[in-house]
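Text of coords18.txt (compact mmCIF, C-alpha atoms) as supplied:
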```txt
# COMPACT_ATOMS: atom_id res chain seq x y z
CA MET U 28 -9.71 17.35 -67.36
CA THR U 29 -12.41 19.65 -65.99
CA VAL U 30 -13.59 20.49 -62.52
CA SER U 31 -15.97 17.55 -62.52
CA PRO U 32 -14.11 15.74 -59.73
CA LEU U 33 -14.84 18.70 -57.41
CA PRO U 34 -18.59 18.12 -56.81
CA PRO U 35 -17.99 14.92 -54.82
CA ARG U 36 -15.76 16.95 -52.52
CA SER U 37 -18.21 19.81 -51.97
CA SER U 38 -21.48 17.95 -52.26
CA SER U 39 -21.19 16.50 -48.77
CA PRO U 40 -20.05 19.29 -46.48
CA GLY U 41 -20.77 17.19 -43.41
CA THR U 42 -18.19 14.60 -44.35
CA PRO U 43 -15.16 16.39 -42.90
CA GLY U 44 -16.51 15.74 -39.43
CA ALA U 45 -16.44 11.98 -40.01
CA PRO U 46 -12.71 11.45 -40.31
CA ALA U 47 -12.04 13.79 -37.43
CA SER U 48 -14.20 11.64 -35.19
CA SER U 49 -12.50 8.45 -36.26
CA PRO U 50 -9.13 9.27 -34.69
CA SER U 51 -10.74 10.38 -31.48
CA ALA U 52 -12.73 7.20 -31.31
CA SER U 53 -9.60 5.17 -31.81
CA SER U 54 -7.47 7.16 -29.36
CA PRO U 55 -7.99 6.08 -25.76
CA SER U 56 -9.15 8.97 -23.63
CA PRO U 57 -7.85 8.99 -20.04
CA LEU U 58 -11.11 10.45 -18.78
CA SER U 59 -13.39 8.01 -20.57
CA ALA U 60 -15.39 5.88 -18.19
CA GLY U 61 -17.11 2.65 -19.11
CA ARG U 62 -18.29 -0.51 -17.49
CA TRP U 63 -16.13 -2.68 -19.76
CA ARG U 64 -12.94 -1.87 -21.59
CA PRO U 65 -11.11 -4.10 -24.03
CA PRO U 66 -7.54 -5.09 -23.21
CA ARG U 67 -4.90 -2.41 -23.58
CA ARG U 68 -3.13 -4.28 -26.37
CA VAL U 69 -6.35 -4.49 -28.38
CA MET U 70 -6.94 -0.77 -27.87
CA ARG U 71 -3.39 0.08 -28.98
CA TRP U 72 -3.46 -2.01 -32.15
CA GLY U 73 -7.03 -1.02 -32.93
CA SER U 74 -6.20 2.69 -32.74
CA LEU U 75 -3.34 2.05 -35.16
CA ILE U 76 -5.06 -0.18 -37.73
CA VAL U 77 -8.61 1.20 -37.87
CA PRO U 78 -7.61 4.66 -39.27
CA VAL U 79 -5.52 2.93 -41.96
CA LEU U 80 -8.48 0.80 -43.00
CA LEU U 81 -10.70 3.87 -43.14
CA ALA U 82 -8.17 5.67 -45.33
CA VAL U 83 -7.92 2.64 -47.69
CA ALA U 84 -11.70 2.44 -47.94
CA ASP U 85 -11.84 6.18 -48.71
CA ALA U 86 -9.23 5.77 -51.48
CA LEU U 87 -11.12 2.88 -53.09
CA LEU U 88 -14.49 4.62 -52.90
CA VAL U 89 -13.21 7.86 -54.46
CA ASN U 90 -10.82 6.49 -57.10
CA GLY U 91 -12.23 3.02 -57.80
CA VAL U 92 -10.22 -0.20 -57.93
CA THR U 93 -8.28 0.53 -61.11
CA PHE U 94 -4.66 1.31 -60.37
CA GLY U 95 -3.51 4.70 -61.56
CA LEU U 96 -1.83 7.84 -60.29
CA GLU U 97 -4.81 8.89 -58.18
CA LEU U 98 -5.30 5.50 -56.52
CA ASN U 99 -1.58 4.95 -56.02
CA VAL U 100 -0.96 8.22 -54.15
CA SER U 101 -4.13 7.64 -52.12
CA LEU U 102 -3.03 4.15 -51.05
CA ALA U 103 0.47 5.45 -50.29
CA ALA U 104 -1.06 8.10 -48.02
CA ALA U 105 -3.13 5.43 -46.25
CA ALA U 106 -0.08 3.15 -45.77
CA ALA U 107 1.97 6.03 -44.33
CA LEU U 108 -0.49 6.25 -41.42
CA LEU U 109 1.09 3.12 -39.93
CA VAL U 110 4.07 5.18 -38.73
CA ARG U 111 2.20 8.39 -37.97
CA ARG U 112 2.95 8.18 -34.21
CA ARG U 113 6.72 8.07 -34.71
CA LEU U 114 6.95 10.58 -37.57
CA PRO U 115 3.77 12.67 -37.46
CA ALA U 116 5.04 15.67 -39.48
CA LEU U 117 6.66 13.54 -42.21
CA VAL U 118 3.57 11.34 -42.54
CA PHE U 119 1.42 14.44 -42.90
CA LEU U 120 3.59 15.66 -45.79
CA ILE U 121 3.32 12.24 -47.45
CA THR U 122 -0.49 12.34 -47.27
CA LEU U 123 -0.79 15.76 -48.95
CA PRO U 124 -0.52 14.35 -52.52
CA GLY U 125 -3.39 12.05 -51.62
CA ILE U 126 -5.82 14.95 -51.15
CA LEU U 127 -4.31 17.00 -53.99
CA ILE U 128 -4.24 14.26 -56.66
CA GLY U 129 -6.41 11.46 -55.29
CA TYR U 130 -9.11 13.61 -53.65
CA VAL U 131 -9.11 11.59 -50.39
CA TRP U 132 -9.82 13.22 -47.06
CA PHE U 133 -9.31 10.64 -44.32
CA ALA U 134 -5.54 10.10 -44.63
CA PRO U 135 -4.43 13.78 -44.46
CA MET U 136 -6.97 14.68 -41.79
CA ILE U 137 -5.92 11.76 -39.57
CA ALA U 138 -2.27 12.71 -40.09
CA LEU U 139 -2.98 16.34 -39.17
CA TYR U 140 -4.89 15.19 -36.06
CA THR U 141 -1.84 13.16 -35.01
CA VAL U 142 0.43 16.19 -35.50
CA ALA U 143 -1.83 18.29 -33.27
CA LEU U 144 -1.95 15.51 -30.66
CA LEU U 145 1.77 14.75 -30.51
CA ARG U 146 3.46 17.96 -31.75
CA PRO U 147 1.34 20.88 -30.49
CA ASN U 148 3.65 23.56 -31.84
CA ARG U 149 1.75 26.65 -33.01
CA ARG U 150 3.99 27.41 -35.96
CA LEU U 151 3.98 23.77 -37.10
CA LEU U 152 0.22 23.54 -36.80
CA GLY U 153 -0.29 26.81 -38.66
CA ILE U 154 1.92 25.74 -41.57
CA SER U 155 0.25 22.30 -41.66
CA ALA U 156 -3.21 23.87 -41.75
CA LEU U 157 -2.23 26.15 -44.64
CA LEU U 158 -0.72 23.24 -46.59
CA LEU U 159 -3.81 21.07 -46.13
CA ALA U 160 -6.16 23.92 -47.05
CA ALA U 161 -4.12 24.68 -50.17
CA ALA U 162 -4.02 21.02 -51.21
CA HIS U 163 -7.76 20.82 -50.76
CA PHE U 164 -8.55 24.10 -52.54
CA ILE U 165 -6.24 23.82 -55.57
CA PRO U 166 -7.53 21.29 -58.16
CA TRP U 167 -5.39 18.78 -60.04
CA PRO U 168 -4.14 19.58 -62.58
CA VAL U 169 -3.70 23.22 -61.63
CA SER U 170 -4.70 24.35 -65.15
CA ASP U 171 -8.30 23.35 -64.35
CA PHE U 172 -8.59 26.14 -61.78
CA GLU U 173 -11.19 28.75 -62.83
CA PRO U 174 -10.74 32.07 -60.94
CA THR U 175 -14.11 33.35 -62.13
CA ALA U 176 -16.12 30.52 -60.53
CA TYR U 177 -16.66 32.57 -57.38
CA ARG U 178 -19.46 30.52 -55.83
CA GLU U 179 -17.81 27.16 -56.35
CA ASN U 180 -14.42 28.46 -55.24
CA THR U 181 -15.95 29.94 -52.07
CA LEU U 182 -17.60 26.65 -51.14
CA THR U 183 -14.38 24.76 -51.79
CA LEU U 184 -12.42 27.26 -49.65
CA ILE U 185 -14.87 26.81 -46.79
CA ASP U 186 -14.51 23.03 -47.04
CA ALA U 187 -10.72 23.41 -47.10
CA CYS U 188 -10.73 25.55 -43.94
CA VAL U 189 -12.99 23.12 -42.10
CA THR U 190 -10.86 20.18 -43.26
CA SER U 191 -7.67 21.80 -41.94
CA VAL U 192 -8.98 23.38 -38.71
CA GLY U 193 -11.19 20.48 -37.51
CA PRO U 194 -8.44 17.87 -36.99
CA ILE U 195 -6.23 20.42 -35.24
CA ALA U 196 -8.99 21.44 -32.84
CA LEU U 197 -9.87 17.82 -32.10
CA GLY U 198 -6.23 16.84 -31.55
CA LEU U 199 -5.62 19.74 -29.17
CA LEU U 200 -8.82 18.89 -27.29
CA VAL U 201 -7.82 15.25 -26.79
CA ARG U 202 -4.34 16.31 -25.71
CA THR U 203 -5.75 18.82 -23.23
CA ARG U 204 -8.06 16.19 -21.77
CA GLY U 205 -5.14 13.82 -21.35
CA GLU U 206 -3.08 16.47 -19.58
CA LEU U 207 -6.05 17.34 -17.40
CA ALA U 208 -6.54 13.69 -16.46
CA ALA U 209 -2.85 13.39 -15.55
CA ARG U 210 -3.09 16.57 -13.50
CA ILE U 211 -6.17 15.31 -11.67
CA LYS U 212 -4.34 12.05 -10.93
CA ASP U 213 -1.40 13.96 -9.50
CA LEU U 214 -3.72 16.13 -7.43
CA THR U 215 -5.51 13.04 -6.12
CA ARG U 216 -2.21 11.47 -5.14
CA SER U 217 -1.11 14.70 -3.45
CA ARG U 218 -4.44 14.96 -1.65
CA ARG U 219 -4.12 11.40 -0.40
CA HIS U 220 -0.58 12.09 0.80
CA ALA U 221 -1.74 15.26 2.54
CA ASP U 222 -4.54 13.31 4.25
CA GLU U 223 -2.02 10.76 5.48
CA LEU U 224 0.19 13.52 6.85
CA ILE U 225 -2.78 15.10 8.61
CA ALA U 226 -3.77 11.73 10.09
CA GLU U 227 -0.21 11.19 11.33
CA GLN U 228 -0.19 14.66 12.85
CA VAL U 229 -3.50 14.06 14.61
CA LEU U 230 -2.22 10.71 15.88
CA SER U 231 0.95 12.35 17.14
CA THR U 232 -1.08 15.03 18.92
CA GLU U 233 -3.32 12.43 20.56
CA ARG U 234 -0.31 10.43 21.65
CA ALA U 235 1.27 13.51 23.21
CA ARG U 236 -1.99 14.34 24.99
CA LEU U 237 -2.33 10.78 26.26
CA ALA U 238 1.26 10.87 27.43
CA ARG U 239 0.64 14.06 29.39
CA GLU U 240 -2.49 12.63 31.01
CA MET U 241 -0.72 9.40 31.97
CA HIS U 242 2.17 11.33 33.41
CA ASP U 243 -0.01 13.81 35.31
CA VAL U 244 -2.53 11.33 36.73
CA VAL U 245 -1.01 7.86 36.96
CA ALA U 246 2.52 8.95 37.82
CA HIS U 247 1.20 11.22 40.56
CA GLN U 248 -0.85 8.45 42.17
CA VAL U 249 1.97 5.91 41.98
CA SER U 250 4.36 8.44 43.48
CA LEU U 251 2.00 8.90 46.40
CA ILE U 252 1.87 5.14 46.88
CA SER U 253 5.65 4.98 46.88
CA LEU U 254 5.90 7.79 49.44
CA GLN U 255 3.31 6.20 51.71
CA ALA U 256 5.07 2.84 51.48
CA GLY U 257 8.37 4.52 52.37
CA ALA U 258 6.76 6.13 55.40
CA VAL U 259 5.32 2.80 56.54
CA GLN U 260 8.69 1.13 56.03
CA ILE U 261 10.35 3.63 58.33
CA SER U 262 7.69 3.85 61.06
CA ALA U 263 6.50 0.22 61.21
CA GLU U 264 7.78 -1.87 64.10
CA ASP U 265 6.87 -5.26 62.66
CA ALA U 266 9.60 -6.69 60.43
CA LYS U 267 7.01 -8.34 58.17
CA ALA U 268 5.20 -5.03 57.73
CA ARG U 269 8.45 -3.26 56.89
CA GLU U 270 9.27 -5.94 54.34
CA GLY U 271 5.84 -5.56 52.74
CA ALA U 272 6.21 -1.79 52.64
CA ARG U 273 9.64 -2.15 51.05
CA THR U 274 8.19 -4.45 48.40
CA ILE U 275 5.35 -2.00 47.68
CA ARG U 276 7.81 0.87 47.35
CA GLU U 277 10.09 -1.10 45.04
CA LEU U 278 7.14 -2.12 42.88
CA SER U 279 6.02 1.51 42.71
CA VAL U 280 9.46 2.59 41.54
CA ARG U 281 9.45 -0.11 38.84
CA THR U 282 5.96 0.99 37.80
CA LEU U 283 7.16 4.56 37.43
CA ASP U 284 10.04 3.36 35.26
CA GLU U 285 7.63 1.43 33.07
CA LEU U 286 5.36 4.43 32.87
CA ARG U 287 8.23 6.69 31.80
CA HIS U 288 9.09 4.27 29.04
CA MET U 289 5.48 4.20 27.78
CA VAL U 290 5.24 7.98 27.91
CA GLY U 291 8.46 8.26 25.92
CA ILE U 292 7.11 5.95 23.24
CA LEU U 293 3.86 7.90 23.01
CA ARG U 294 5.67 11.20 22.73
CA ALA U 295 7.96 9.81 20.06
CA ALA U 296 4.84 9.26 17.89
CA GLY U 297 6.09 5.99 16.51
CA GLY U 298 9.61 7.17 15.71
CA ASP U 299 12.76 5.16 16.30
CA HIS U 300 14.25 6.65 19.43
CA GLU U 301 16.43 5.28 22.17
CA GLU U 302 14.52 3.73 25.03
CA LEU U 303 14.30 5.75 28.20
CA THR U 304 14.98 2.85 30.59
CA PRO U 305 16.43 -0.65 30.19
CA GLN U 306 13.70 -3.11 29.32
CA PRO U 307 13.18 -6.33 31.33
CA ARG U 308 14.86 -9.49 30.08
CA LEU U 309 14.84 -13.15 31.09
CA ALA U 310 17.56 -12.43 33.64
CA ASP U 311 15.04 -10.27 35.54
CA LEU U 312 12.60 -13.13 36.09
CA PRO U 313 14.03 -14.24 39.47
CA ARG U 314 13.60 -10.73 40.82
CA LEU U 315 10.04 -10.58 39.46
CA ILE U 316 9.19 -13.90 41.12
CA GLU U 317 10.73 -12.74 44.38
CA LEU U 318 8.61 -9.58 44.40
CA SER U 319 5.41 -11.40 43.44
CA ALA U 320 4.77 -12.60 47.05
CA LEU U 321 3.48 -15.92 45.67
CA ASN U 322 4.45 -19.54 46.24
CA VAL U 323 6.40 -19.89 42.99
CA SER U 324 8.72 -22.65 41.88
CA PHE U 325 11.05 -21.45 39.12
CA GLU U 326 12.49 -24.07 36.76
CA THR U 327 14.83 -23.20 33.94
CA ASP U 328 17.88 -24.36 32.05
CA ASP U 329 20.49 -21.99 30.68
CA ALA U 330 17.80 -20.12 28.68
CA THR U 331 17.74 -17.27 31.19
CA ARG U 332 21.51 -16.99 31.38
CA ARG U 333 22.85 -17.21 27.85
CA PRO U 334 22.27 -14.17 25.55
CA GLY U 335 21.18 -16.22 22.55
CA HIS U 336 17.56 -15.07 22.32
CA PRO U 337 16.47 -11.83 20.63
CA GLU U 338 15.57 -8.95 22.90
CA ALA U 339 11.96 -8.85 21.69
CA VAL U 340 11.48 -12.54 22.56
CA GLU U 341 12.97 -12.14 26.05
CA ARG U 342 10.85 -9.07 26.69
CA ALA U 343 7.69 -10.87 25.57
CA ALA U 344 8.54 -13.88 27.76
CA PHE U 345 9.00 -11.59 30.76
CA ARG U 346 5.65 -9.90 30.12
CA ILE U 347 3.90 -13.26 29.82
CA VAL U 348 5.25 -14.44 33.19
CA GLN U 349 4.38 -11.07 34.72
CA GLU U 350 0.79 -11.16 33.46
CA ALA U 351 0.34 -14.81 34.43
CA LEU U 352 1.50 -14.14 38.00
CA THR U 353 -0.85 -11.16 38.17
CA ASN U 354 -3.74 -13.39 37.09
CA VAL U 355 -2.80 -15.97 39.75
CA ARG U 356 -2.79 -13.23 42.35
CA LYS U 357 -6.25 -12.11 41.21
CA HIS U 358 -8.07 -15.37 40.55
CA ALA U 359 -6.17 -18.11 42.44
CA PRO U 360 -4.90 -16.70 45.74
CA GLY U 361 -2.74 -19.11 47.70
CA ALA U 362 -2.18 -21.45 44.73
CA ARG U 363 1.16 -23.07 44.05
CA VAL U 364 2.75 -21.77 40.84
CA THR U 365 5.38 -23.33 38.62
CA VAL U 366 7.25 -21.17 36.11
CA ARG U 367 9.26 -23.00 33.45
CA VAL U 368 11.47 -21.24 30.93
CA ASN U 369 13.58 -23.40 28.63
CA ASP U 370 14.44 -24.04 25.04
CA ALA U 371 11.91 -25.68 22.78
CA GLU U 372 14.43 -28.41 21.98
CA SER U 373 14.75 -29.24 25.69
CA ALA U 374 10.99 -29.28 26.05
CA ASP U 375 10.77 -31.58 23.06
CA GLY U 376 13.27 -33.99 24.66
CA ALA U 377 11.31 -33.97 27.90
CA ALA U 378 8.12 -34.76 26.01
CA ARG U 379 9.75 -37.73 24.33
CA THR U 380 11.10 -39.01 27.65
CA ALA U 381 7.69 -38.72 29.24
CA ALA U 382 6.13 -40.58 26.35
CA LYS U 383 8.39 -43.64 26.73
CA GLY U 384 6.40 -44.98 29.68
CA ALA U 385 3.12 -44.98 27.75
CA ALA U 386 1.82 -47.55 25.28
CA PRO U 387 3.88 -47.91 22.10
CA SER U 388 1.29 -46.34 19.85
CA ALA U 389 0.58 -43.56 22.32
CA ALA U 390 4.31 -42.98 22.85
CA GLU U 391 4.94 -42.70 19.14
CA GLY U 392 2.05 -40.31 18.70
CA ALA U 393 3.09 -38.14 21.63
CA ALA U 394 6.73 -38.08 20.53
CA GLN U 395 5.78 -37.29 16.95
CA GLY U 396 3.44 -34.49 18.03
CA ALA U 397 6.04 -32.98 20.34
CA ALA U 398 8.70 -33.25 17.65
CA GLU U 399 6.49 -31.54 15.09
CA LYS U 400 5.68 -28.74 17.48
CA ALA U 401 9.33 -28.27 18.43
CA GLU U 402 10.26 -28.24 14.76
CA GLU U 403 7.76 -25.47 14.18
CA THR U 404 8.96 -23.30 17.09
CA ARG U 405 12.66 -24.11 17.51
CA GLY U 406 13.03 -21.36 20.08
CA LEU U 407 12.02 -20.41 23.61
CA ARG U 408 9.16 -21.95 25.60
CA VAL U 409 7.56 -20.23 28.59
CA GLU U 410 5.04 -22.01 30.81
CA VAL U 411 3.27 -20.75 33.91
CA ARG U 412 1.14 -23.38 35.65
CA ASN U 413 -0.78 -22.91 38.88
CA GLY U 414 -2.83 -25.27 40.98
CA PRO U 415 -6.27 -24.69 42.47
CA PRO U 416 -6.70 -21.68 44.75
CA ASP U 417 -6.41 -22.04 48.52
CA ALA U 418 -9.85 -21.89 50.09
CA SER U 419 -8.49 -20.19 53.20
CA ALA U 420 -6.81 -17.40 51.24
CA VAL U 421 -8.63 -14.10 50.78
CA ALA U 422 -9.00 -12.81 47.22
CA PRO U 423 -7.42 -9.34 46.86
CA GLY U 424 -10.26 -8.02 44.70
CA LEU U 425 -7.95 -6.35 42.20
CA PRO U 426 -9.62 -4.78 39.11
CA GLY U 427 -9.18 -6.43 35.74
CA GLY U 428 -10.19 -5.59 32.20
CA GLY U 429 -10.18 -9.13 30.85
CA HIS U 430 -7.78 -8.24 28.03
CA GLY U 431 -4.52 -9.53 29.47
CA LEU U 432 -4.43 -12.91 27.70
CA VAL U 433 -5.64 -11.35 24.46
CA GLY U 434 -2.76 -8.90 24.53
CA LEU U 435 -0.27 -11.65 25.33
CA ARG U 436 -1.53 -13.78 22.44
CA GLU U 437 -1.21 -10.84 20.05
CA ARG U 438 2.31 -10.16 21.33
CA ALA U 439 3.30 -13.79 20.71
CA GLN U 440 1.74 -13.87 17.24
CA LEU U 441 3.51 -10.64 16.36
CA LEU U 442 6.82 -12.42 16.92
CA GLY U 443 5.71 -15.50 14.98
CA GLY U 444 4.99 -17.59 18.09
CA THR U 445 1.93 -19.12 19.71
CA LEU U 446 0.25 -18.85 23.10
CA GLU U 447 -2.12 -21.36 24.69
CA ALA U 448 -4.05 -20.78 27.89
CA GLY U 449 -6.69 -22.87 29.62
CA PRO U 450 -7.73 -24.74 32.75
CA THR U 451 -6.03 -27.94 33.85
CA GLU U 452 -7.50 -31.20 35.09
CA GLU U 453 -6.34 -30.44 38.64
CA GLY U 454 -8.46 -27.29 38.77
CA GLY U 455 -5.69 -24.88 38.04
CA PHE U 456 -4.67 -22.89 34.98
CA VAL U 457 -1.77 -23.02 32.54
CA VAL U 458 -0.31 -20.42 30.17
CA ARG U 459 2.17 -21.74 27.61
CA ALA U 460 3.95 -19.70 24.93
CA ASP U 461 6.36 -20.87 22.22
CA PHE U 462 8.58 -18.39 20.41
CA PRO U 463 10.62 -19.13 17.27
CA LYS U 464 14.36 -18.94 17.24
CA THR U 465 14.22 -16.04 14.79
CA PRO U 466 11.15 -13.85 15.32
CA ARG U 467 9.34 -12.30 12.38
CA VAL U 468 9.80 -8.81 13.79
CA THR U 469 12.35 -7.52 16.23
CA GLY U 470 10.64 -4.30 17.26
CA THR U 471 9.20 -3.32 20.59
CA ALA U 472 6.91 -6.26 21.21
```

If you took the structure in this file and wrote it as structure tokens, what would it be?
Amino acid sequence: MTVSPLPPRSSSPGTPGAPASSPSASSPSPLSAGRWRPPRRVMRWGSLIVPVLLAVADALLVNGVTFGLELNVSLAAAAALLVRRRLPALVFLITLPGILIGYVWFAPMIALYTVALLRPNRRLLGISALLLAAAHFIPWPVSDFEPTAYRENTLTLIDACVTSVGPIALGLLVRTRGELAARIKDLTRSRRHADELIAEQVLSTERARLAREMHDVVAHQVSLISLQAGAVQISAEDAKAREGARTIRELSVRTLDELRHMVGILRAAGGDHEELTPQPRLADLPRLIELSALNVSFETDDATRRPGHPEAVERAAFRIVQEALTNVRKHAPGARVTVRVNDAESADGAARTAAKGAAPSAAEGAAQGAAEKAEETRGLRVEVRNGPPDASAVAPGLPGGGHGLVGLRERAQLLGGTLEAGPTEEGGFVVRADFPKTPRVTGTA
């Protein structure tokens, strides 16, 4: 056998670039960007099967379809590519007879590319490159080698070097790009985390600044009010004036306590810290009503006495009554006010009792609606109802931002409850809140 099989190998020097591009095309690049990507499973199986099909096609084109030693070793090299990801070095050794005896390029070059991609060891890659170059350069059988054919041997050596170096360079490039993409992803995640930390730090700084301003300005003014009220309480001769001054001073002290609590929360920057002062509960409602200086009728069952409700619910109920009484003082001076605090089950029973005197169909509808609502809440109900304002009373002209009811509704929704507010047929106003037995959150509502 002469050197006649060599011309097909050296006649197309541009061919070695083709198999090297096939693995890269089949290997998913982390940095590749496209408008549409096939599913990951399709990409994984495609990158495994397509190189094998290319190697089989190369074996059939070079050696024909007649089974023999050349075709058999070429097909064996192509089949070994199926496990190249698990055993890259062993598969590369299996493909070497394919290029030595069967004169195929794709199988050994793809195997060498996989070695460079998965096992980037310099010594291993150097030995693999020498083995592939030797298998490419030495003809089969070895007795056909002609040392004096300098030109043909030089061209074959150049092809052998390109065939061995190209897959290694491409494999290392793809691996480097993958590592770079992973590094960029880590840097992006770290940058995002750093931005979050900076935002939290800025928020903490703003909270501390706001706390200082509230303490320096508001606390100072309220302290002056308390001192002036104390002076009036001591010097006034009228008992009613002294009582009013005492109420103003007591309210100022309570306001300072509330302000200290808010300042502590702002300085804590959202952390879980112990509260500075005890927070108001349902048991504090009688004292609030007494200090309101309004004509208030307080109706309740044992809801304000038994400790069965969560602290967040009791605090929200207190704030709702407090805000509703403030609104009555602003917008309905002299009006009669009724404050009801009871369990939703009790309210449901009262609704059914009231519905018995109506028509049968109306009674059933009212009872069913009340039962459904009580079933939804199953907790505490707070209702503040006032009548029309007294025409002879003078409006105090207190400032208001118009956000009180919005804040109360958000507070109720935060705990999983509801809040309804609106005018009544008698010309008054009603605020009704229902809280569940187990609130969604139990934080500082």

Open item on the list: Residues within 7 Å of Asp417 of chain U, please, as a PyMOL selection string. Count all atoms listed in the file; anything in the same chain fewer than 3 positions from it doesn't count.
Closed with: chain U and resi 360-362+420

Task: Interatomic distance (Å, one decimal) between atom CA of Arg281 of chain U and atom CA of Leu352 of chain U - done: 16.1 Å

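Separating atom CA of Arg273 of chain U from atom CA of Gly257 of chain U is a distance of 6.9 Å.
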
- [ ] Using atom CA of Gly449 of chain U and atom CA of Ala343 of chain U as the two end points, give the distance in Å to one decimal.
- [x]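 So the answer is 19.2 Å.
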
Task: Protein, DNA and RNA residues within 10 Å of (-10.7, 9.3, -47.9), all atoms listed in the file, as a ChimeraX atom specification - done: /U:42-43,46,81-90,101-102,104-105,125-126,129-137

Which residues are close to Gly406 of chain U, i.e. within 6 Å by only C-alpha atoms, leaving aside same-chain residues fewer than 3 positions away? Reply as an mmCIF file with C-alpha atoms, in the coordinates of the input.
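This went into out-v6.cif:
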```
data_model
loop_
_atom_site.group_PDB
_atom_site.id
_atom_site.type_symbol
_atom_site.label_atom_id
_atom_site.label_comp_id
_atom_site.auth_asym_id
_atom_site.auth_seq_id
_atom_site.Cartn_x
_atom_site.Cartn_y
_atom_site.Cartn_z
ATOM 1 C CA ASP U 370 14.440 -24.040 25.040
ATOM 2 C CA ALA U 371 11.910 -25.680 22.780
ATOM 3 C CA PHE U 462 8.580 -18.390 20.410
ATOM 4 C CA PRO U 463 10.620 -19.130 17.270
ATOM 5 C CA LYS U 464 14.360 -18.940 17.240
#
```

TODO: Would you mind listing what lies within 6 Å of Arg276 of chain U as a ChimeraX atom specification, with all atoms listed in the file counted and same-chain residues fewer than 3 positions away left out?
DONE: /U:253,256,273,279

Within 12 Å of Glu453 of chain U, counting all atoms listed in the file, which residues show up once you throw out same-chain ones fewer than 3 positions away? Write them as a PDB file with C-alpha atoms, keeping the file's coordinate frame, please.
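Result file is result_8.pdb:
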```pdb
ATOM      1  CA  ALA U 362      -2.180 -21.450  44.730  1.00  0.00           C
ATOM      2  CA  ARG U 363       1.160 -23.070  44.050  1.00  0.00           C
ATOM      3  CA  ARG U 412       1.140 -23.380  35.650  1.00  0.00           C
ATOM      4  CA  ASN U 413      -0.780 -22.910  38.880  1.00  0.00           C
ATOM      5  CA  GLY U 414      -2.830 -25.270  40.980  1.00  0.00           C
ATOM      6  CA  PRO U 415      -6.270 -24.690  42.470  1.00  0.00           C
ATOM      7  CA  PRO U 416      -6.700 -21.680  44.750  1.00  0.00           C
ATOM      8  CA  GLY U 449      -6.690 -22.870  29.620  1.00  0.00           C
ATOM      9  CA  PRO U 450      -7.730 -24.740  32.750  1.00  0.00           C
ATOM     10  CA  PHE U 456      -4.670 -22.890  34.980  1.00  0.00           C
ATOM     11  CA  VAL U 457      -1.770 -23.020  32.540  1.00  0.00           C
TER      12      VAL U 457
END
```

Open item on the list: Counting all atoms listed in the file, which residue out of U:Ala116, U:Thr353, U:Val323, U:Glu264 sits closest to Leu151 of chain U?
Closed with: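 Of all the options, U:Ala116 lies closest to Leu151 of chain U.
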
Open item on the list: Which residue is closest to Phe119 of chain U? Choose from U:Ala221, U:Pro194, U:Asp171, U:Arg408 and count all atoms listed in the file.
Closed with: U:Pro194

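Minimum distance to Gly431 of chain U across U:Glu350, U:Glu452, U:Asp186, U:Glu227 (counting all atoms listed in the file) occurs at U:Glu350.
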
Sorted per-residue table, segment 127-185 of chain U near segment 201-219 of chain U, closest atoms and distance, 12 Å, all atoms listed in the file, as a tab-separated table:
```
residue	atom	partner	partner_atom	distance
U:Tyr140	CA	U:Val201	CA	9.7
U:Thr141	CA	U:Arg202	CA	10.1
U:Val142	CA	U:Arg202	CA	10.9
U:Ala143	CA	U:Arg202	CA	8.2
U:Leu144	CA	U:Arg202	CA	5.6
U:Leu145	CA	U:Arg202	CA	7.9
U:Arg146	CA	U:Arg202	CA	10.0
U:Pro147	CA	U:Arg202	CA	8.7
```
